[in-house]
Structure formats: C-alpha cells, structure tokens
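Containing compact mmCIF, C-alpha atoms: structure-v7.txt.
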```txt
# COMPACT_ATOMS: atom_id res chain seq x y z
CA MET A 37 229.60 51.39 82.07
CA SER A 38 229.70 50.22 85.67
CA THR A 39 227.83 51.91 88.53
CA PRO A 40 230.15 53.35 91.16
CA GLU A 41 230.00 51.51 94.42
CA PRO A 42 229.33 53.40 97.63
CA HIS A 43 232.25 54.17 99.84
CA GLY A 44 232.54 53.91 103.55
CA ASN A 45 229.21 54.23 105.41
CA ASP A 46 227.16 55.56 102.46
CA TRP A 47 224.92 52.48 102.60
CA ALA A 48 224.21 52.97 106.28
CA HIS A 49 223.58 56.73 105.98
CA PRO A 50 221.89 57.48 102.63
CA ARG A 51 221.94 61.05 101.43
CA THR A 52 218.75 63.19 101.90
CA LEU A 53 217.44 64.99 98.85
CA PRO A 54 216.77 68.70 99.29
CA ASP A 55 213.06 69.80 99.78
CA GLN A 56 211.87 71.38 96.53
CA SER A 57 208.26 72.24 97.77
CA GLY A 58 209.14 75.52 99.39
CA ALA A 59 207.38 74.55 102.64
CA VAL A 60 208.82 75.95 105.83
CA PRO A 61 209.66 73.25 108.36
CA THR A 62 207.49 73.52 111.46
CA SER A 63 207.39 71.90 114.82
CA ILE A 64 204.73 69.51 116.06
CA GLU A 65 203.42 72.23 118.40
CA ALA A 66 202.97 74.71 115.56
CA ARG A 67 201.11 72.19 113.45
CA ALA A 68 198.83 71.40 116.38
CA LYS A 69 198.04 75.10 116.83
CA ARG A 70 197.18 75.44 113.16
CA HIS A 71 194.92 72.39 113.38
CA ILE A 72 193.12 73.82 116.43
CA ALA A 73 192.67 77.16 114.64
CA ALA A 74 191.18 75.40 111.63
CA LEU A 75 188.77 73.49 113.87
CA GLU A 76 187.75 76.70 115.62
CA GLU A 77 187.12 78.37 112.27
CA GLU A 78 185.03 75.41 111.13
CA LEU A 79 183.04 75.50 114.38
CA GLU A 80 182.35 79.23 113.96
CA THR A 81 181.16 78.60 110.40
CA MET A 82 178.81 75.89 111.65
CA LYS A 83 177.43 78.27 114.28
CA GLN A 84 176.81 80.94 111.63
CA GLU A 85 175.08 78.44 109.34
CA ARG A 86 172.96 77.22 112.23
CA GLY A 87 171.99 80.80 113.07
CA THR A 88 171.11 81.48 109.45
CA LYS A 89 168.95 78.36 109.28
CA GLN A 90 167.26 79.32 112.55
CA ARG A 91 166.52 82.82 111.26
CA TYR A 92 165.23 81.36 107.99
CA LYS A 93 163.02 78.98 109.96
CA GLU A 94 161.66 81.86 112.04
CA LEU A 95 160.96 83.88 108.89
CA SER A 96 159.38 80.92 107.10
CA GLU A 97 157.07 80.14 110.01
CA SER A 98 153.98 82.34 109.85
CA THR A 99 150.74 82.62 111.74
CA ALA A 100 147.34 81.75 110.33
CA GLU A 101 146.49 85.47 110.24
CA GLN A 102 149.65 86.25 108.24
CA ASP A 103 148.90 83.45 105.76
CA ARG A 104 145.34 84.70 105.41
CA LEU A 105 146.51 88.25 104.78
CA GLN A 106 149.02 87.07 102.20
CA ARG A 107 146.37 85.07 100.32
CA GLY A 108 144.09 88.08 100.48
CA TYR A 109 146.78 90.37 99.09
CA ILE A 110 147.45 87.95 96.23
CA THR A 111 143.76 87.83 95.39
CA PHE A 112 143.55 91.63 95.67
CA THR A 113 146.45 92.15 93.25
CA GLN A 114 144.95 89.65 90.82
CA VAL A 115 141.78 91.71 90.69
CA LEU A 116 143.66 95.04 90.65
CA PRO A 117 147.08 94.31 89.07
CA TRP A 118 148.21 97.95 89.19
CA VAL A 119 148.21 98.03 93.01
CA HIS A 120 151.45 96.09 93.41
CA ARG A 121 153.22 98.28 90.86
CA LYS A 122 152.06 101.45 92.59
CA ILE A 123 153.21 100.23 95.98
CA SER A 124 156.58 99.12 94.61
CA GLU A 125 157.12 102.62 93.23
CA LEU A 126 157.20 104.10 96.74
CA ASP A 127 160.73 105.36 97.45
CA VAL A 128 161.79 104.29 100.95
CA ASP A 129 164.91 106.48 100.81
CA ASP A 130 162.96 109.69 100.35
CA CYS A 131 161.38 110.08 103.78
CA GLU A 132 159.50 113.27 103.06
CA ASP A 133 158.05 111.93 99.85
CA MET A 134 157.25 108.65 101.58
CA GLN A 135 155.32 110.44 104.31
CA LYS A 136 153.28 112.28 101.72
CA LYS A 137 152.54 109.09 99.85
CA VAL A 138 151.66 107.24 103.05
CA HIS A 139 149.35 110.10 103.99
CA THR A 140 147.77 109.87 100.54
CA LEU A 141 147.40 106.12 100.88
CA ASN A 142 145.84 106.51 104.32
CA SER A 143 143.41 109.06 102.93
CA LYS A 144 142.52 106.74 100.06
CA ALA A 145 142.20 103.81 102.46
CA PHE A 146 139.84 105.86 104.62
CA THR A 147 137.81 106.74 101.53
CA LEU A 148 137.73 103.09 100.47
CA LYS A 149 136.60 102.06 103.94
CA LYS A 150 133.80 104.62 103.87
CA GLY A 151 132.76 103.28 100.48
CA ALA A 152 132.89 99.70 101.76
CA ASP A 153 130.78 100.60 104.80
CA ALA A 154 128.23 102.29 102.56
CA ALA A 155 128.10 99.28 100.23
CA ARG A 156 127.67 96.92 103.18
CA SER A 157 124.85 99.10 104.52
CA ASP A 158 123.10 98.97 101.13
CA ASP A 159 123.46 95.19 101.02
CA THR A 160 122.16 94.84 104.56
CA SER A 161 119.12 96.95 103.75
CA THR A 162 118.40 94.84 100.68
CA LEU A 163 118.91 91.58 102.54
CA LYS A 164 116.43 92.54 105.24
CA ASP A 165 113.68 92.56 102.62
CA LEU A 166 114.90 89.47 100.77
CA ILE A 167 115.34 87.35 103.89
CA ALA A 168 111.95 88.34 105.24
CA ALA A 169 110.36 87.28 101.95
CA TRP A 170 112.35 84.02 101.92
CA MET A 171 111.42 83.07 105.49
CA ASN A 172 107.77 83.94 105.07
CA GLN A 173 107.60 81.86 101.89
CA ASP A 174 109.53 78.82 103.12
CA PHE A 175 108.56 78.64 106.80
CA HIS A 176 105.21 80.50 107.04
CA PRO A 177 105.83 81.89 110.53
CA SER A 178 102.99 83.36 112.52
CA PRO A 179 103.01 86.31 112.56
CA LEU A 180 104.87 86.89 109.32
CA LEU A 181 108.30 88.47 109.54
CA ARG A 182 108.31 92.19 108.77
CA PRO A 183 111.24 93.52 106.69
CA ASP A 184 111.58 96.67 108.79
CA ASP A 185 111.53 94.90 112.18
CA LYS A 186 114.88 93.66 113.51
CA GLN A 187 113.88 93.46 117.17
CA SER A 188 111.66 90.44 116.59
CA ARG A 189 114.45 88.46 114.90
CA GLY A 190 117.34 86.57 116.46
CA PHE A 191 116.78 83.81 119.00
CA VAL A 192 113.51 85.33 120.19
CA HIS A 193 112.04 84.33 116.82
CA ASP A 194 111.56 80.59 116.46
CA VAL A 195 112.52 80.38 112.77
CA CYS A 196 115.44 82.79 113.04
CA GLY A 197 116.60 80.97 116.15
CA LYS A 198 116.53 77.65 114.30
CA LEU A 199 118.60 79.02 111.43
CA LEU A 200 121.11 80.71 113.77
CA CYS A 201 121.41 77.68 116.03
CA PRO A 202 124.86 76.02 115.98
CA SER A 203 124.76 72.86 113.90
CA GLU A 204 125.95 70.67 116.78
CA TRP A 205 122.76 71.36 118.72
CA GLU A 206 119.10 70.63 118.03
CA TRP A 207 116.94 73.76 118.17
CA GLY A 208 113.84 71.64 118.71
CA ASN A 209 115.23 70.56 122.09
CA ASP A 210 113.66 72.83 124.71
CA LEU A 211 116.78 72.57 126.87
CA VAL A 212 118.91 73.88 124.01
CA LYS A 213 116.46 76.63 123.13
CA THR A 214 116.18 77.80 126.73
CA GLY A 215 119.94 77.64 127.27
CA ILE A 216 120.65 79.75 124.20
CA CYS A 217 117.97 82.33 124.94
CA ASP A 218 119.06 82.60 128.59
CA ARG A 219 122.72 82.74 127.48
CA THR A 220 123.87 80.04 129.86
CA SER A 221 127.50 78.86 129.89
CA ASP A 222 126.46 75.45 128.54
CA TYR A 223 125.07 76.95 125.32
CA ILE A 224 127.41 79.69 124.14
CA VAL A 225 126.72 80.79 120.57
CA SER A 226 130.02 81.90 119.06
CA GLU A 227 131.90 82.07 115.78
CA ASN A 228 133.30 78.60 116.49
CA SER A 229 130.14 76.86 115.25
CA TRP A 230 128.60 76.57 111.81
CA PRO A 231 124.99 77.86 112.01
CA LEU A 232 122.25 75.71 110.57
CA PHE A 233 121.35 78.12 107.75
CA LEU A 234 124.63 77.18 105.99
CA TYR A 235 123.51 73.60 105.34
CA GLU A 236 121.62 72.30 102.34
CA GLY A 237 118.08 71.42 103.38
CA TYR A 238 118.96 72.45 106.97
CA VAL A 239 120.22 68.92 107.53
CA VAL A 240 123.48 68.23 109.39
CA SER A 241 125.33 64.92 109.51
CA SER A 242 127.28 64.67 112.76
CA ASP A 243 129.55 62.06 111.16
CA ASN A 244 130.32 64.30 108.17
CA LEU A 245 129.89 67.97 109.05
CA GLU A 246 131.18 69.03 105.64
CA GLN A 247 128.30 67.37 103.81
CA GLY A 248 125.94 70.03 102.49
CA LEU A 249 127.89 72.90 104.08
CA PHE A 250 127.65 76.20 102.14
CA LYS A 251 125.16 74.68 99.70
CA LEU A 252 121.95 76.24 100.97
CA LYS A 253 120.00 77.43 97.94
CA VAL A 254 118.93 80.69 99.52
CA LEU A 255 122.57 81.82 99.87
CA VAL A 256 122.97 81.56 96.13
CA GLN A 257 119.61 83.22 95.50
CA LEU A 258 120.51 86.14 97.71
CA ASN A 259 123.86 86.52 95.97
CA GLN A 260 122.20 86.39 92.57
CA ALA A 261 119.52 88.88 93.54
CA LYS A 262 121.64 91.73 94.74
CA VAL A 263 124.77 91.32 96.80
CA LYS A 264 127.81 92.60 94.91
CA MET A 265 126.65 91.50 91.46
CA CYS A 266 127.02 95.04 90.14
CA MET A 267 130.53 95.26 91.57
CA ALA A 268 131.35 91.87 90.07
CA SER A 269 130.55 93.19 86.61
CA ILE A 270 132.63 96.33 87.19
CA ILE A 271 135.81 94.53 88.24
CA GLY A 272 135.35 91.68 85.76
CA MET A 273 134.67 89.01 88.38
CA ARG A 274 133.69 85.75 86.70
CA LYS A 275 134.21 83.28 89.52
CA VAL A 276 132.89 83.05 93.05
CA THR A 277 135.71 83.38 95.57
CA PRO A 278 135.93 82.16 99.18
CA ARG A 279 135.89 85.76 100.39
CA SER A 280 132.75 86.65 98.46
CA ILE A 281 131.04 83.64 100.07
CA ALA A 282 132.31 84.74 103.49
CA TYR A 283 130.85 88.20 102.85
CA VAL A 284 127.40 86.87 101.94
CA VAL A 285 127.35 84.39 104.82
CA SER A 286 128.29 87.09 107.34
CA GLN A 287 125.63 89.41 105.94
CA VAL A 288 122.95 86.72 106.20
CA ARG A 289 123.96 85.90 109.76
CA PHE A 290 123.72 89.57 110.74
CA THR A 291 120.36 89.98 108.99
CA LEU A 292 118.90 87.01 110.88
CA SER A 293 120.08 88.47 114.20
CA SER A 294 118.18 90.98 116.32
CA ILE A 295 120.87 93.70 116.49
CA SER A 296 119.79 96.79 114.59
CA SER A 297 123.22 98.18 113.57
CA TRP A 298 126.43 96.55 112.49
CA HIS A 299 128.90 95.57 115.20
CA SER A 300 131.91 93.33 114.71
CA VAL A 301 130.98 91.52 117.94
CA ASP A 302 127.45 90.45 118.83
CA SER A 303 127.47 89.13 122.42
CA ASN A 304 129.79 86.08 122.16
CA PHE A 305 129.77 86.03 118.36
CA ASP A 306 132.73 87.68 116.61
CA TYR A 307 131.91 88.44 112.97
CA GLU A 308 135.52 89.04 111.95
CA ALA A 309 136.60 85.69 113.40
CA PHE A 310 133.60 84.02 111.73
CA TRP A 311 134.57 85.55 108.38
CA ASN A 312 138.08 84.21 108.87
CA ASN A 313 136.71 80.74 109.66
CA VAL A 314 134.74 80.71 106.41
CA VAL A 315 137.77 81.86 104.41
CA ASP A 316 140.03 79.29 106.09
CA PHE A 317 137.58 76.49 105.27
CA PHE A 318 138.16 77.19 101.60
CA GLU A 319 141.76 78.42 101.54
CA ASN A 320 143.45 76.42 104.29
CA CYS A 321 142.69 72.84 103.31
CA PRO A 322 144.49 70.00 105.13
CA GLY A 323 145.45 68.26 101.87
CA PRO A 324 144.70 67.63 98.18
CA VAL A 325 141.57 65.54 98.85
CA ALA A 326 139.89 68.33 100.82
CA GLN A 327 141.16 70.87 98.26
CA HIS A 328 139.45 68.90 95.49
CA ARG A 329 136.13 69.03 97.37
CA VAL A 330 136.53 72.78 97.91
CA THR A 331 137.31 73.32 94.23
CA LYS A 332 134.16 71.44 93.27
CA LEU A 333 132.13 73.50 95.75
CA LEU A 334 133.46 76.78 94.33
CA GLU A 335 132.69 75.56 90.81
CA TRP A 336 129.15 74.80 91.96
CA TRP A 337 128.80 78.34 93.31
CA THR A 338 130.22 79.84 90.12
CA ARG A 339 127.74 77.90 87.96
CA LYS A 340 124.86 79.05 90.13
CA ILE A 341 125.92 82.70 90.12
CA PHE A 342 127.48 83.23 86.69
CA GLY A 343 126.08 80.31 84.70
CA THR A 344 128.22 77.95 82.66
CA ASN A 345 130.38 80.55 80.92
CA HIS A 346 133.95 79.21 80.89
CA CYS A 347 135.64 82.06 79.00
CA VAL A 348 137.83 82.74 82.00
CA ASP A 349 139.23 79.21 81.68
CA LEU A 350 140.44 79.82 78.11
CA THR A 351 144.13 80.20 78.83
CA PRO A 352 146.65 81.07 76.07
CA GLU A 353 147.87 77.46 76.19
CA ILE A 354 144.37 76.11 75.52
CA MET A 355 143.63 78.66 72.78
CA SER A 356 146.93 77.84 71.04
CA HIS A 357 145.48 74.42 70.14
CA MET A 358 142.20 75.78 68.76
CA SER A 359 141.50 76.06 65.04
CA ILE A 360 141.68 79.84 64.67
CA THR A 361 145.11 80.03 66.27
CA ALA A 362 146.21 76.89 64.41
CA LEU A 363 145.07 78.36 61.07
CA ALA A 364 146.91 81.63 61.77
CA ASP A 365 150.09 79.66 62.44
CA GLN A 366 149.63 77.62 59.25
CA ARG A 367 149.12 80.72 57.09
CA LYS A 368 152.21 82.32 58.58
CA ALA A 369 154.20 79.14 57.94
CA MET A 370 153.09 79.08 54.29
CA GLU A 371 154.08 82.71 53.84
CA ASP A 372 157.48 82.02 55.36
CA ALA A 373 157.94 78.98 53.09
CA VAL A 374 157.25 81.02 49.92
CA PHE A 375 159.56 83.77 51.09
CA ASP A 376 162.36 81.32 51.78
CA SER A 377 161.96 79.62 48.37
CA GLU A 378 162.47 82.94 46.60
```

Step by step, read the file and then write its structure as structure tokens.
Amino acid sequence: MSTPEPHGNDWAHPRTLPDQSGAVPTSIEARAKRHIAALEEELETMKQERGTKQRYKELSESTAEQDRLQRGYITFTQVLPWVHRKISELDVDDCEDMQKKVHTLNSKAFTLKKGADAARSDDTSTLKDLIAAWMNQDFHPSPLLRPDDKQSRGFVHDVCGKLLCPSEWEWGNDLVKTGICDRTSDYIVSENSWPLFLYEGYVVSSDNLEQGLFKLKVLVQLNQAKVKMCMASIIGMRKVTPRSIAYVVSQVRFTLSSISSWHSVDSNFDYEAFWNNVVDFFENCPGPVAQHRVTKLLEWWTRKIFGTNHCVDLTPEIMSHMSITALADQRKAMEDAVFDSE
C-alpha cells in the first residue's frame, strides 16, 4: 500500500494539529501580567515569612531577668509539682471567676510572703549568734563580738570589715580601709564584687577568681546548723541548689553588716542584685567546662549538707538494671512461659 503524495503546496504549508490541552490562547501582554502577579505574590510571601521570623526572633530573645525567672519557676514546679496544674486550671474566658482566683492567689502570695519574711527573720536571729561564735573562735577579736550587738559590726569592725571587703582589694591596706570606711568614690562596695568571706581560707587568686569561691567551711556549717534544714526535710530536698546557696550567702552578708533591720539596699549594696549574681554564677554558665565545675561544686555542697546519700540519683532507668527489678522480670517471664506452654 503506497503512501499518498502531497498535492500542491502541502509540503510548503503543513497542516497544524488542533490543540487538545484546553488552554486558552493568550497574548504576550497577558502572560507578562500573570508573571508579574506571581512575582508580587511571591514577594508578599517572603515579606510575611520575614516578619514571622523577626517576631519569632523577638520572642526567642529574652533578658537575663526573664531567663532567671524561668529557671526559678522550673525549680519551683519541680519542688511543688501541683502548682503548674493549679495555674493551668485557671479559666481565662471566665473573667469573674478569674478575678476571684487571682484575688485568692494574691492573698495566698501575701500570706506566703509574710511566712517567708518570718522565716528569714528567724534565720537572721539564729545567724547573729552563730556568726558571733564563729568569729570569736576563729579570729579572737578584742573585744569579743557580742551576738546582740549589730552596731559594732560592718566596716567599723576590723574582722567584719575584712570579711565584707571586696575580693579585688586588700583590707590590710590602710588606703583601702580608709576609702571604704569614708565611702569614697574610689572604693565603692557594691553587689558587683565577691566579698572575701565567700572564699576558702579567705584566699583569693587574682588570676583565677573562681578558685575557692563558695567553698568557705563556715557557710556549710551555718547551713548545717540551722538555716532551712527543717524546711528541706519538709519538702523532701535532698540536694543543695544554687538558690539555697544564694539565700545563705545573702544572710551571712547581712549578718556581718552593721544595719539592724533588713533592707534590700544597704548604701551602695543591693541584696537582690547580689542574690541574682550568685544564682547566675551557678545557672548561667558560659559553656560545658564551667558547667562541669559548677556541678562538682554543687555536689560538694550536697555531700557536706546531706552526706553521701544518693537515693535521689536512683532513677527508674538505673533501678531497672538492679537485681530486684531483674528478678521480678525473670519471675514474670517464667510465669508467662508456663502459661503459653499450656
């Protein structure tokens, strides 16, 4: 069968097959408009994504105070697990009920604050006696320090002044001593310095200011003797925390000072900022190496306060490999095997 040959000008003008795609023919101008519209839509999407990332960045960036509060809340809920559940039960849609609950919470918070103030007052009273006994025994001042006398403490007392002196200065230097006592601008005692009483053996290495910091034996002795040990047993505390150390350190600093009643600010020294500095030393480490040193320091404190009891470290994972748990699993497996064989 032969193929028919084209006639006339069929070779010069081939036939066009009909478009089966269903697309509507458009002009170059229309296609350009669609392309511009698509680009504009893509640009708007990029702007929205950029705005979202910027908002996320703003939300993810927090201040040191916010980080500190968050760590404190986490620690608080670990000690009192029911708190988070109670707070989450508050119904934000029911304004009247919310107001009542907020009022109740405020009342409870006020009661808690009164209790905390009373506990701090009890600790301060106890520390006055303990610190007087410690200083008289270790330093033998003349005259001896009286437990009921706060006016003779502080920088007017040579031993107290030495212990309160910022670690970057030498209390034995008459220029330093005079500058601090006269409150000159060259020797401002503030919360931005670690006082000498925090250092082991009252020795400071200017090349390594972390060496011996928070390892003074008397801090541990004072903690063991009275401060918050009863509360620790009530709430099941088995490890020393950065905030418990900050509490003791702040109490000792206040007890060594000459002010008779508690104030958050003593001249140029801000106790709240000082407490935050102590907490940040432990909780806001610059990296894993510093974190390892802090962990070891906290373990040292825990051994001194609570002994070598490691029951708190017995996690379910660790206990699952111990013989009692292993035997229980074996007995269960044998029972299951007999049951399956029947």

Given the choices A:Leu292, A:Ile72, A:Leu234, A:Val240, which gets closest to Asp185 of chain A if the distance is worked out from only C-alpha atoms? A:Leu292

Every residue with an atom at most 12 Å from (130.0, 78.0, 91.6) (file coordinates; all atoms listed in the file) is what I'm after, so could you write them as JSON, numbers by chain? {"A": [250, 251, 253, 255, 256, 259, 260, 274, 275, 276, 277, 278, 280, 281, 330, 331, 332, 333, 334, 335, 336, 337, 338, 339, 340, 341, 342, 343, 344, 345, 346]}

Restricting the calculation to all atoms listed in the file: of A:Trp205, A:Tyr283, A:Phe191, A:Phe290, which residue gets closest to Lys164 of chain A?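 That would be A:Phe290, the residue with the smallest distance to Lys164 of chain A.
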
One decimal, in Å: what's the spacing between atom CA of Pro183 of chain A and atom CA of Ala168 of chain A? 5.4 Å

Compile the contact shell of Arg289 of chain A as a PyMOL selection string: residues with an atom at most 9 Å away, counting only C-alpha atoms, same-chain residues fewer than 5 positions apart removed. chain A and resi 199-200+231+233+284+307

With a distance cut-off of 8 Å and all atoms listed in the file, select the neighbouring residues of Pro202 of chain A, excluding the residue or stretch itself and same-chain residues fewer than 4 positions from it, and output the selection as a list in words.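 Final neighbour list, sorted by chain and number: Val225, Ser229, Trp230, Pro231 and Leu232 of chain A.
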
Give me the residues within 9 Å of Arg182 of chain A as a VMD selection string, counting only C-alpha atoms and dropping any in the same chain fewer than 2 places off. chain A and resid 164 to 165 168 to 169 179 to 180 184 to 186 188

Write out as a JSON list (two decimals) with C-alpha atoms, keeping the file's coordinate frame the residues lying within 7 Å of segment 310-325 of chain A, counting only C-alpha atoms and excluding same-chain residues fewer than 4 positions away.
```json
[["chain", "number", "residue", "atom", "x", "y", "z"],
["A", 227, "GLU", "CA", 131.90, 82.07, 115.78],
["A", 278, "PRO", "CA", 135.93, 82.16, 99.18],
["A", 279, "ARG", "CA", 135.89, 85.76, 100.39],
["A", 282, "ALA", "CA", 132.31, 84.74, 103.49],
["A", 286, "SER", "CA", 128.29, 87.09, 107.34],
["A", 306, "ASP", "CA", 132.73, 87.68, 116.61],
["A", 329, "ARG", "CA", 136.13, 69.03, 97.37],
["A", 330, "VAL", "CA", 136.53, 72.78, 97.91]]
```

In Å, rounded to a single decimal, give me how far atom CA of Ser242 of chain A is from atom CA of Asp174 of chain A. 24.7 Å

Using atom CA of Ile167 of chain A and atom CA of Ser294 of chain A as the two end points, give the distance in Å to one decimal.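 One can read the atom CA of Ile167 of chain A to atom CA of Ser294 of chain A distance as 13.3 Å.
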